[in-house]
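Enquirer: File final_17.pdb follows (PDB, C-alpha atoms):
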```
ATOM      1  CA  MET Y   1     -44.688  43.993   0.944
ATOM      2  CA  ALA Y   2     -41.609  45.051  -0.856
ATOM      3  CA  HIS Y   3     -39.182  44.310   1.907
ATOM      4  CA  GLY Y   4     -40.151  40.660   2.344
ATOM      5  CA  ASP Y   5     -37.775  38.177   0.772
ATOM      6  CA  ALA Y   6     -39.664  36.236  -1.826
ATOM      7  CA  GLY Y   7     -36.766  33.854  -2.432
ATOM      8  CA  ASP Y   8     -37.306  30.109  -2.575
ATOM      9  CA  HIS Y   9     -37.150  28.372   0.736
ATOM     10  CA  GLY Y  10     -37.130  24.799  -0.512
ATOM     11  CA  ARG Y  11     -36.756  22.441   2.379
ATOM     12  CA  ALA Y  12     -37.973  25.009   4.866
ATOM     13  CA  ASP Y  13     -41.278  25.094   2.975
ATOM     14  CA  ALA Y  14     -41.967  21.457   3.808
ATOM     15  CA  HIS Y  15     -41.175  22.138   7.458
ATOM     16  CA  GLY Y  16     -43.489  25.102   7.236
ATOM     17  CA  ARG Y  17     -46.419  23.039   5.965
ATOM     18  CA  VAL Y  18     -46.037  20.488   8.744
ATOM     19  CA  GLN Y  19     -45.733  23.263  11.321
ATOM     20  CA  ALA Y  20     -48.807  25.061  10.001
ATOM     21  CA  GLU Y  21     -50.792  21.826  10.212
ATOM     22  CA  THR Y  22     -49.642  21.347  13.805
ATOM     23  CA  ASP Y  23     -50.539  24.915  14.737
ATOM     24  CA  ALA Y  24     -54.001  24.625  13.175
ATOM     25  CA  LEU Y  25     -54.717  21.361  14.994
ATOM     26  CA  ARG Y  26     -53.389  22.495  18.364
ATOM     27  CA  SER Y  27     -55.231  25.781  18.113
ATOM     28  CA  GLU Y  28     -58.507  24.000  17.381
ATOM     29  CA  ALA Y  29     -57.770  21.479  20.140
ATOM     30  CA  LEU Y  30     -57.193  24.265  22.645
ATOM     31  CA  GLU Y  31     -60.415  26.054  21.806
ATOM     32  CA  SER Y  32     -62.503  22.878  21.962
ATOM     33  CA  LEU Y  33     -60.988  21.949  25.335
ATOM     34  CA  LEU Y  34     -61.578  25.382  26.831
ATOM     35  CA  VAL Y  35     -65.168  25.344  25.563
ATOM     36  CA  GLU Y  36     -65.755  21.931  27.133
ATOM     37  CA  LYS Y  37     -64.331  23.145  30.411
ATOM     38  CA  GLY Y  38     -66.834  25.978  30.334
ATOM     39  CA  LEU Y  39     -64.087  28.632  30.285
ATOM     40  CA  VAL Y  40     -65.151  30.203  26.997
ATOM     41  CA  THR Y  41     -67.978  29.891  24.511
ATOM     42  CA  ALA Y  42     -67.484  29.666  20.787
ATOM     43  CA  GLU Y  43     -69.974  32.518  20.449
ATOM     44  CA  ALA Y  44     -67.855  34.833  22.603
ATOM     45  CA  VAL Y  45     -64.817  34.032  20.469
ATOM     46  CA  ASP Y  46     -66.862  34.682  17.311
ATOM     47  CA  ALA Y  47     -68.042  38.030  18.639
ATOM     48  CA  LEU Y  48     -64.555  39.265  19.515
ATOM     49  CA  LEU Y  49     -63.139  38.106  16.239
ATOM     50  CA  ARG Y  50     -65.934  39.836  14.294
ATOM     51  CA  HIS Y  51     -65.357  43.028  16.206
ATOM     52  CA  TYR Y  52     -61.687  43.151  15.287
ATOM     53  CA  GLU Y  53     -62.212  42.073  11.706
ATOM     54  CA  GLN Y  54     -65.029  44.487  10.942
ATOM     55  CA  ASP Y  55     -65.274  47.360  13.387
ATOM     56  CA  VAL Y  56     -61.765  48.230  14.492
ATOM     57  CA  GLY Y  57     -59.446  49.402  11.789
ATOM     58  CA  PRO Y  58     -57.449  52.200  10.176
ATOM     59  CA  LEU Y  59     -60.588  54.193   9.402
ATOM     60  CA  ASN Y  60     -60.608  55.142  13.075
ATOM     61  CA  GLY Y  61     -57.064  56.462  12.873
ATOM     62  CA  ALA Y  62     -57.872  58.253   9.609
ATOM     63  CA  ARG Y  63     -60.637  60.164  11.360
ATOM     64  CA  VAL Y  64     -58.252  61.144  14.144
ATOM     65  CA  VAL Y  65     -55.696  62.412  11.634
ATOM     66  CA  ALA Y  66     -58.303  64.321   9.597
ATOM     67  CA  ARG Y  67     -59.575  66.010  12.764
ATOM     68  CA  ALA Y  68     -56.012  67.023  13.676
ATOM     69  CA  TRP Y  69     -55.490  68.474  10.183
ATOM     70  CA  THR Y  70     -58.586  70.645  10.419
ATOM     71  CA  ASP Y  71     -58.729  71.581  14.097
ATOM     72  CA  ALA Y  72     -55.584  73.143  15.578
ATOM     73  CA  ALA Y  73     -56.804  72.829  19.155
ATOM     74  CA  TYR Y  74     -57.537  69.150  18.639
ATOM     75  CA  ARG Y  75     -54.095  68.648  17.100
ATOM     76  CA  ARG Y  76     -52.494  70.169  20.217
ATOM     77  CA  ARG Y  77     -54.534  67.901  22.487
ATOM     78  CA  LEU Y  78     -53.624  64.906  20.343
ATOM     79  CA  LEU Y  79     -49.906  65.621  20.574
ATOM     80  CA  GLY Y  80     -50.207  66.289  24.292
ATOM     81  CA  ASP Y  81     -52.297  63.312  25.358
ATOM     82  CA  ALA Y  82     -53.201  61.100  22.438
ATOM     83  CA  THR Y  83     -55.165  58.512  24.371
ATOM     84  CA  ALA Y  84     -57.520  61.166  25.735
ATOM     85  CA  ALA Y  85     -57.833  62.983  22.401
ATOM     86  CA  ILE Y  86     -58.565  59.731  20.584
ATOM     87  CA  ALA Y  87     -61.211  58.913  23.188
ATOM     88  CA  GLU Y  88     -62.964  62.151  22.269
ATOM     89  CA  LEU Y  89     -63.822  60.518  18.953
ATOM     90  CA  GLY Y  90     -65.082  57.416  20.718
ATOM     91  CA  PHE Y  91     -62.088  55.148  20.192
ATOM     92  CA  GLY Y  92     -60.381  53.213  22.961
ATOM     93  CA  GLY Y  93     -59.991  49.793  24.453
ATOM     94  CA  PRO Y  94     -57.321  47.103  24.537
ATOM     95  CA  GLN Y  95     -53.861  48.174  23.344
ATOM     96  CA  GLY Y  96     -54.974  51.777  23.210
ATOM     97  CA  GLU Y  97     -54.232  52.815  26.764
ATOM     98  CA  HIS Y  98     -50.932  54.569  26.095
ATOM     99  CA  ILE Y  99     -50.852  55.967  22.590
ATOM    100  CA  VAL Y 100     -48.329  58.648  21.656
ATOM    101  CA  VAL Y 101     -48.698  60.558  18.388
ATOM    102  CA  VAL Y 102     -45.554  61.650  16.542
ATOM    103  CA  GLU Y 103     -45.896  64.333  13.885
ATOM    104  CA  ASN Y 104     -44.248  64.371  10.493
ATOM    105  CA  GLY Y 105     -42.988  67.615   9.028
ATOM    106  CA  PRO Y 106     -40.922  68.855   6.098
ATOM    107  CA  ASP Y 107     -37.682  67.912   7.864
ATOM    108  CA  VAL Y 108     -38.693  64.951  10.002
ATOM    109  CA  HIS Y 109     -40.280  61.643   9.118
ATOM    110  CA  ASN Y 110     -41.421  59.203  11.789
ATOM    111  CA  VAL Y 111     -41.806  55.460  11.399
ATOM    112  CA  VAL Y 112     -43.046  52.908  13.911
ATOM    113  CA  VAL Y 113     -41.952  49.367  14.702
ATOM    114  CA  CYS Y 114     -42.196  46.910  17.548
ATOM    115  CA  THR Y 115     -38.814  45.232  17.652
ATOM    116  CA  LEU Y 116     -39.737  42.627  20.259
ATOM    117  CA  CYS Y 117     -43.176  41.509  19.196
ATOM    118  CA  SER Y 118     -46.109  43.318  17.636
ATOM    119  CA  CYS Y 119     -47.249  46.168  19.883
ATOM    120  CA  TYR Y 120     -49.584  48.337  17.845
ATOM    121  CA  PRO Y 121     -52.391  50.811  18.612
ATOM    122  CA  TRP Y 122     -55.365  48.548  17.899
ATOM    123  CA  PRO Y 123     -58.175  51.064  18.542
ATOM    124  CA  VAL Y 124     -56.957  53.373  15.782
ATOM    125  CA  LEU Y 125     -55.281  50.980  13.346
ATOM    126  CA  GLY Y 126     -56.901  47.595  13.913
ATOM    127  CA  LEU Y 127     -54.584  44.613  13.949
ATOM    128  CA  PRO Y 128     -51.124  44.907  12.420
ATOM    129  CA  PRO Y 129     -50.437  43.744   8.865
ATOM    130  CA  THR Y 130     -48.278  40.673   8.349
ATOM    131  CA  TRP Y 131     -45.199  42.605   7.287
ATOM    132  CA  TYR Y 132     -45.240  44.613  10.546
ATOM    133  CA  LYS Y 133     -44.751  41.344  12.470
ATOM    134  CA  ASP Y 134     -42.111  40.036  10.114
ATOM    135  CA  PRO Y 135     -38.580  39.615  11.532
ATOM    136  CA  ALA Y 136     -37.102  41.373   8.498
ATOM    137  CA  TYR Y 137     -39.094  44.559   9.039
ATOM    138  CA  ARG Y 138     -38.647  44.486  12.800
ATOM    139  CA  SER Y 139     -34.889  44.297  12.644
ATOM    140  CA  ARG Y 140     -34.077  46.163   9.440
ATOM    141  CA  ILE Y 141     -36.209  49.277   9.962
ATOM    142  CA  VAL Y 142     -34.049  50.038  13.001
ATOM    143  CA  ARG Y 143     -30.706  49.403  11.291
ATOM    144  CA  GLU Y 144     -31.380  50.894   7.881
ATOM    145  CA  PRO Y 145     -34.670  52.792   7.918
ATOM    146  CA  ARG Y 146     -33.962  54.853   4.795
ATOM    147  CA  GLN Y 147     -33.220  51.772   2.744
ATOM    148  CA  VAL Y 148     -36.252  49.836   4.015
ATOM    149  CA  LEU Y 149     -38.581  52.775   3.403
ATOM    150  CA  THR Y 150     -37.225  53.113  -0.128
ATOM    151  CA  GLU Y 151     -37.876  49.425  -0.735
ATOM    152  CA  MET Y 152     -41.410  49.940   0.520
ATOM    153  CA  GLY Y 153     -41.928  52.746  -1.968
ATOM    154  CA  LEU Y 154     -41.142  55.783   0.168
ATOM    155  CA  ALA Y 155     -37.918  57.452  -0.989
ATOM    156  CA  LEU Y 156     -37.184  60.354   1.348
ATOM    157  CA  PRO Y 157     -34.797  63.177   0.454
ATOM    158  CA  PRO Y 158     -31.458  62.766   2.258
ATOM    159  CA  GLN Y 159     -31.967  65.910   4.330
ATOM    160  CA  VAL Y 160     -35.110  64.528   5.956
ATOM    161  CA  GLU Y 161     -34.351  63.080   9.366
ATOM    162  CA  ILE Y 162     -35.915  59.676  10.002
ATOM    163  CA  ARG Y 163     -36.980  58.832  13.531
ATOM    164  CA  VAL Y 164     -37.744  55.220  14.374
ATOM    165  CA  TRP Y 165     -40.084  54.635  17.311
ATOM    166  CA  ASP Y 166     -40.070  51.297  19.066
ATOM    167  CA  SER Y 167     -43.541  50.503  20.386
ATOM    168  CA  SER Y 168     -43.904  48.558  23.576
ATOM    169  CA  ALA Y 169     -46.515  47.667  26.152
ATOM    170  CA  GLU Y 170     -45.909  51.094  27.726
ATOM    171  CA  VAL Y 171     -46.189  53.215  24.589
ATOM    172  CA  ARG Y 172     -47.805  52.597  21.226
ATOM    173  CA  TYR Y 173     -47.024  55.128  18.534
ATOM    174  CA  LEU Y 174     -49.197  56.588  15.810
ATOM    175  CA  VAL Y 175     -47.757  58.776  13.072
ATOM    176  CA  LEU Y 176     -49.522  62.016  12.177
ATOM    177  CA  PRO Y 177     -48.702  62.358   8.474
ATOM    178  CA  GLU Y 178     -48.321  65.685   6.686
ATOM    179  CA  ARG Y 179     -51.495  67.051   5.185
ATOM    180  CA  PRO Y 180     -51.172  66.812   1.396
ATOM    181  CA  ALA Y 181     -51.025  70.002  -0.627
ATOM    182  CA  GLY Y 182     -54.078  71.058  -2.574
ATOM    183  CA  THR Y 183     -56.568  70.075   0.091
ATOM    184  CA  ASP Y 184     -57.518  73.507   1.406
ATOM    185  CA  GLY Y 185     -61.162  73.676   2.345
ATOM    186  CA  TRP Y 186     -61.645  69.910   2.241
ATOM    187  CA  SER Y 187     -64.052  68.393   4.753
ATOM    188  CA  GLU Y 188     -62.797  66.094   7.473
ATOM    189  CA  GLU Y 189     -64.494  63.146   5.863
ATOM    190  CA  ARG Y 190     -62.888  63.822   2.514
ATOM    191  CA  LEU Y 191     -59.479  64.292   4.132
ATOM    192  CA  ALA Y 192     -59.839  61.001   6.018
ATOM    193  CA  GLY Y 193     -59.974  59.290   2.644
ATOM    194  CA  LEU Y 194     -56.355  60.322   2.059
ATOM    195  CA  VAL Y 195     -55.066  58.724   5.252
ATOM    196  CA  THR Y 196     -53.911  55.152   4.847
ATOM    197  CA  ARG Y 197     -52.839  52.636   7.442
ATOM    198  CA  ASP Y 198     -49.306  52.674   6.055
ATOM    199  CA  ALA Y 199     -49.164  56.478   6.388
ATOM    200  CA  MET Y 200     -50.028  56.163  10.075
ATOM    201  CA  ILE Y 201     -47.287  53.557  10.619
ATOM    202  CA  GLY Y 202     -44.922  55.832   8.731
ATOM    203  CA  VAL Y 203     -44.000  53.639   5.770
ATOM    204  CA  ALA Y 204     -45.911  55.854   3.335
ATOM    205  CA  ARG Y 205     -47.179  59.407   2.948
ATOM    206  CA  ALA Y 206     -50.835  60.344   2.976
ATOM    207  CA  ARG Y 207     -52.294  60.014  -0.495
ATOM    208  CA  LEU Y 208     -52.083  63.040  -2.723
ATOM    209  CA  ALA Y 209     -55.212  64.990  -3.468
ATOM    210  CA  ASP Y 210     -54.761  64.379  -7.200
ATOM    211  CA  ASP Y 211     -54.592  60.628  -6.677
ATOM    212  CA  ALA Y 212     -57.754  60.744  -4.616
ATOM    213  CA  ARG Y 213     -59.573  62.677  -7.359
ATOM    214  CA  ALA Y 214     -58.410  60.200  -9.974
ATOM    215  CA  ALA Y 215     -59.541  57.281  -7.823
ATOM    216  CA  ALA Y 216     -62.943  58.884  -7.307
ATOM    217  CA  GLY Y 217     -63.240  59.454 -11.037
ATOM    218  CA  ARG Y 218     -62.529  55.815 -11.739
ATOM    219  CA  GLY Y 219     -64.919  54.644  -9.055
TER     220      GLY Y 219
ATOM    221  CA  MET P   1     -30.700  50.123  20.509
ATOM    222  CA  ALA P   2     -30.063  52.307  17.525
ATOM    223  CA  SER P   3     -33.606  53.580  17.266
ATOM    224  CA  ALA P   4     -34.647  56.754  18.930
ATOM    225  CA  SER P   5     -36.466  55.346  21.878
ATOM    226  CA  GLY P   6     -39.429  57.526  22.551
ATOM    227  CA  PRO P   7     -40.096  59.363  25.726
ATOM    228  CA  ARG P   8     -41.903  57.154  28.178
ATOM    229  CA  ALA P   9     -45.437  58.407  28.096
ATOM    230  CA  ALA P  10     -46.565  60.254  31.114
ATOM    231  CA  ALA P  11     -49.171  58.363  33.014
ATOM    232  CA  LEU P  12     -52.043  58.686  30.640
ATOM    233  CA  LEU P  13     -55.603  58.344  31.644
ATOM    234  CA  ALA P  14     -56.981  54.888  31.514
ATOM    235  CA  LEU P  15     -59.695  54.866  29.011
ATOM    236  CA  ALA P  16     -63.358  54.491  28.582
ATOM    237  CA  GLY P  17     -64.672  51.200  27.297
ATOM    238  CA  PRO P  18     -64.680  49.751  23.806
ATOM    239  CA  ALA P  19     -65.281  52.052  20.902
ATOM    240  CA  ALA P  20     -68.651  52.438  19.355
ATOM    241  CA  PRO P  21     -68.456  50.555  16.062
ATOM    242  CA  PRO P  22     -67.530  53.047  13.358
ATOM    243  CA  ARG P  23     -67.507  51.538   9.885
ATOM    244  CA  ARG P  24     -66.435  48.327   8.281
ATOM    245  CA  ASN P  25     -62.736  48.182   7.999
ATOM    246  CA  GLY P  26     -62.601  45.565   5.301
ATOM    247  CA  GLU P  27     -58.952  44.645   5.681
ATOM    248  CA  LEU P  28     -57.850  41.057   5.679
ATOM    249  CA  VAL P  29     -56.433  40.471   9.108
ATOM    250  CA  PHE P  30     -55.799  36.753   9.286
ATOM    251  CA  GLU P  31     -54.221  34.591   6.633
ATOM    252  CA  VAL P  32     -56.079  31.434   7.615
ATOM    253  CA  PRO P  33     -59.167  31.001   9.780
ATOM    254  CA  TRP P  34     -57.514  29.290  12.742
ATOM    255  CA  GLU P  35     -55.340  32.348  13.340
ATOM    256  CA  GLY P  36     -58.468  34.411  13.844
ATOM    257  CA  ARG P  37     -59.990  31.813  16.154
ATOM    258  CA  LEU P  38     -56.806  31.761  18.212
ATOM    259  CA  PHE P  39     -56.773  35.547  18.436
ATOM    260  CA  GLY P  40     -60.431  35.639  19.488
ATOM    261  CA  LEU P  41     -59.836  32.894  22.019
ATOM    262  CA  THR P  42     -56.937  34.798  23.568
ATOM    263  CA  LEU P  43     -58.905  38.032  23.866
ATOM    264  CA  THR P  44     -61.931  36.243  25.264
ATOM    265  CA  LEU P  45     -59.839  34.704  28.039
ATOM    266  CA  HIS P  46     -58.254  38.083  28.729
ATOM    267  CA  ASP P  47     -61.654  39.806  28.795
ATOM    268  CA  GLN P  48     -62.722  37.329  31.439
ATOM    269  CA  GLY P  49     -59.779  38.288  33.600
ATOM    270  CA  ARG P  50     -57.983  34.949  33.254
ATOM    271  CA  PHE P  51     -54.642  36.691  32.824
ATOM    272  CA  GLU P  52     -52.950  40.074  32.584
ATOM    273  CA  TRP P  53     -51.992  41.095  29.052
ATOM    274  CA  GLU P  54     -48.370  41.488  30.075
ATOM    275  CA  GLU P  55     -48.262  37.838  31.144
ATOM    276  CA  PHE P  56     -49.213  36.904  27.615
ATOM    277  CA  ARG P  57     -46.936  39.448  25.972
ATOM    278  CA  GLN P  58     -43.822  38.248  27.759
ATOM    279  CA  ARG P  59     -44.511  34.700  26.581
ATOM    280  CA  LEU P  60     -45.189  35.954  23.072
ATOM    281  CA  ILE P  61     -41.846  37.755  22.994
ATOM    282  CA  ARG P  62     -40.034  34.587  24.036
ATOM    283  CA  ALA P  63     -41.953  32.435  21.564
ATOM    284  CA  ILE P  64     -41.223  34.848  18.708
ATOM    285  CA  ALA P  65     -37.513  34.814  19.527
ATOM    286  CA  ARG P  66     -37.570  31.000  19.593
ATOM    287  CA  CYS P  67     -39.415  30.725  16.263
ATOM    288  CA  GLU P  68     -36.982  33.194  14.693
ATOM    289  CA  ARG P  69     -34.003  31.177  15.883
ATOM    290  CA  GLU P  70     -35.518  27.982  14.502
ATOM    291  CA  ALA P  71     -36.279  29.620  11.172
ATOM    292  CA  ALA P  72     -32.746  30.990  10.976
ATOM    293  CA  ALA P  73     -31.402  27.483  11.643
ATOM    294  CA  GLY P  74     -33.248  26.131   8.606
ATOM    295  CA  GLY P  75     -36.459  25.062  10.308
ATOM    296  CA  ALA P  76     -39.970  26.132   9.387
ATOM    297  CA  PRO P  77     -40.173  29.722   8.105
ATOM    298  CA  PHE P  78     -41.161  32.249  10.752
ATOM    299  CA  ARG P  79     -44.883  32.555  11.178
ATOM    300  CA  TYR P  80     -46.268  34.931  13.734
ATOM    301  CA  TYR P  81     -49.286  32.909  14.796
ATOM    302  CA  GLN P  82     -47.145  29.866  15.451
ATOM    303  CA  ALA P  83     -45.490  31.902  18.182
ATOM    304  CA  TRP P  84     -48.845  33.215  19.369
ATOM    305  CA  ARG P  85     -50.193  29.659  19.618
ATOM    306  CA  ALA P  86     -47.166  28.487  21.610
ATOM    307  CA  ALA P  87     -47.434  31.489  23.941
ATOM    308  CA  LEU P  88     -51.119  30.923  24.637
ATOM    309  CA  GLU P  89     -50.627  27.202  25.250
ATOM    310  CA  ASP P  90     -47.857  28.005  27.687
ATOM    311  CA  LEU P  91     -49.999  30.576  29.469
ATOM    312  CA  VAL P  92     -53.134  28.448  29.868
ATOM    313  CA  ALA P  93     -50.949  25.612  31.191
ATOM    314  CA  ALA P  94     -49.263  27.958  33.679
ATOM    315  CA  LYS P  95     -52.681  29.193  34.804
ATOM    316  CA  GLY P  96     -53.906  25.643  35.290
ATOM    317  CA  LEU P  97     -56.657  26.120  32.707
ATOM    318  CA  CYS P  98     -55.536  23.437  30.290
ATOM    319  CA  ALA P  99     -52.492  21.154  30.362
ATOM    320  CA  ALA P 100     -50.251  20.633  27.347
ATOM    321  CA  THR P 101     -50.879  16.889  27.503
ATOM    322  CA  GLU P 102     -54.598  17.492  27.034
ATOM    323  CA  VAL P 103     -53.852  19.533  23.935
ATOM    324  CA  ASP P 104     -51.534  16.762  22.674
ATOM    325  CA  THR P 105     -54.257  14.165  23.018
ATOM    326  CA  ARG P 106     -56.990  16.295  21.513
ATOM    327  CA  ALA P 107     -54.822  17.400  18.588
ATOM    328  CA  ARG P 108     -54.017  13.761  17.783
ATOM    329  CA  ARG P 109     -57.703  12.924  17.823
ATOM    330  CA  LEU P 110     -58.513  15.822  15.534
ATOM    331  CA  ALA P 111     -55.714  14.813  13.175
ATOM    332  CA  ALA P 112     -57.225  11.331  12.906
ATOM    333  CA  ARG P 113     -60.507  12.667  11.540
ATOM    334  CA  PRO P 114     -61.509  11.468   8.098
ATOM    335  CA  THR P 115     -60.084  13.630   5.331
ATOM    336  CA  GLY P 116     -62.389  16.318   4.148
ATOM    337  CA  HIS P 117     -62.899  17.652   7.640
ATOM    338  CA  ASP P 118     -61.873  21.234   7.756
ATOM    339  CA  HIS P 119     -59.596  21.643  10.696
ATOM    340  CA  GLY P 120     -58.546  25.120   9.727
ATOM    341  CA  ALA P 121     -61.835  26.688  10.703
TER     342      ALA P 121
END
```
Here is the file; what I need is its structure written in the form of C-alpha cells.
Expert:
Amino acid sequence: MAHGDAGDHGRADAHGRVQAETDALRSEALESLLVEKGLVTAEAVDALLRHYEQDVGPLNGARVVARAWTDAAYRRRLLGDATAAIAELGFGGPQGEHIVVVENGPDVHNVVVCTLCSCYPWPVLGLPPTWYKDPAYRSRIVREPRQVLTEMGLALPPQVEIRVWDSSAEVRYLVLPERPAGTDGWSEERLAGLVTRDAMIGVARARLADDARAAAGRG
Amino acid sequence: MASASGPRAAALLALAGPAAPPRRNGELVFEVPWEGRLFGLTLTLHDQGRFEWEEFRQRLIRAIARCEREAAAGGAPFRYYQAWRAALEDLVAAKGLCAATEVDTRARRLAARPTGHDHGA
C-alpha cells in the first residue's frame, strides 16, 4: 500500500527474521500442545481457516452495497440497523454483531480505522488487509486523513469533509460508497462488481462504470 | 482523540448463525501459513467457549502496543501476528489451558528438527 514506508530497515530486518522464526515455532508448538491435550483438533482449525480464506470476504459487503444502491427501503434499513439488514442477505457471525454503516455523499467522505487493534466487520469484508493493521495507517489516518488518502490514491476535493470512524469491539463500521455515475438500470450483480474492499473501508471510491466495461472487455 | 468518534450503536440484535457460504473470496489473507493456523486455532478455541472475545482483544491491544514500542526502539519491525501470537499464549496460560513453559520446551524441540522440515505450515 502506498502509505507503508518501504525504506531500508537494516539491522531491524535481522531482528525481524529471528522474531518471525520464533513466532512460527511457538505458534506451531502451541497448536500441537493443544491438540495433544484434546482441546482442539487440527481438522477444526483447518475448517475455520478455510471458511475465512474462501467463504467470507468483501463480495458479501459488495452485495450489501449493491442492494442498498438499488433498493431505497433496504438502504434505509441498512442505515438504521446494519446488522439486521446485513442478516437479511444471510451474512452474520463473529465480529458482525454491531455493524454501523456510514454513507458517503458529494460533500462527505467516510473512512474507517481501528486505532487500538484491528476491529473490522468480518462477515461483510473478510479479514482485514495488512495495511489496515499497520501502525502507520492506524495513527496517521486519524491525524492527517486527507494526506493519507491522497497517498493511497484517493485525492478528495478540499471542500469534501472527511470523517474518520474508529472501530471498536462495540461498533464496526462499513462505508456505503457513492454509486458511480452511468450505472442507471444496472443489475445488482453487475453493480456489486464495482464495489471493492477498499471502497467499503473508505480509502477508495467504487470503481467507475467505464473502468468496469474496459476490464470486462479485456477479460 | 481527533477522529469523529461514532455514535455508540444502539443495542443491536444479536445475530443468526454463520453465513451461508456465498462465493470464493480469493483474497490473500495471511502472509505465511503459520499466521493462518494461529488465527484458526484462536477461533476454534473461542468457538468452543474457552474464552470471551473481549478477553482476547484486550490482550491483543496490549501486545500490539508492546510490539510497536519495541519496533520504534529499533527492535524487530512491527508484525501483527507476532502480537496475536503473544496475546493468545498469554490467554491460554491465564485460562490454565497451556503454560508458557510448555510452549518454550516444545518450541525448542521443534527448532531442533533436521533442516528441511517445514515449520511454517
Enquirer: Please return, as a PyMOL selection string, all residues of chain Y lying within 6 Å of chain P when only C-alpha atoms are considered.
Expert: chain Y and resi 12+15-16+24-26+29-30+45+48-49+54-55+57+90-93+97+116-117+142+164-165
Enquirer: Could you list the residues chosen by the PyMOL selection byres ((chain Y and resi 121-127) around 6) in this structure as JSON, numbers by chain?
Expert: {"Y": [56, 57, 58, 60, 61, 91, 92, 95, 96, 120, 128, 172]}
Enquirer: On this structure, which residues satisfy the PyMOL selection byres ((chain Y and resi 159) around 10), written as a list in words?
Expert: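 Here the PyMOL selection byres ((chain Y and resi 159) around 10) matches Pro106, Asp107, Val108, Leu156, Pro157, Pro158, Val160, Glu161 and Ile162 of chain Y.
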Enquirer: To one decimal in Å, tell me the separation between atom CA of Ser187 of chain Y and atom CA of Asp211 of chain Y.
Expert: 16.7 Å
Enquirer: If you measure from atom CA of Val101 of chain Y to atom CA of Val65 of chain Y, what distance in Å do you get, rounded to one decimal?
Expert: 9.9 Å
Enquirer: Find the residues near Tyr132 of chain Y: any atom within 10 Å, counting only C-alpha atoms, skip ones fewer than 3 places away on the same chain, and give them as a list in words.
Expert: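 Using only C-alpha atoms, the neighbours found are Met1, Val112, Val113, Cys114, Thr115, Cys117, Ser118, Cys119, Tyr120, Leu127, Pro128, Pro129, Pro135, Ala136, Tyr137, Arg138 and Ile201 of chain Y.
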Enquirer: So how far away is atom CA of Leu194 of chain Y from atom CA of Arg207 of chain Y, in Å?
Expert: 4.8 Å
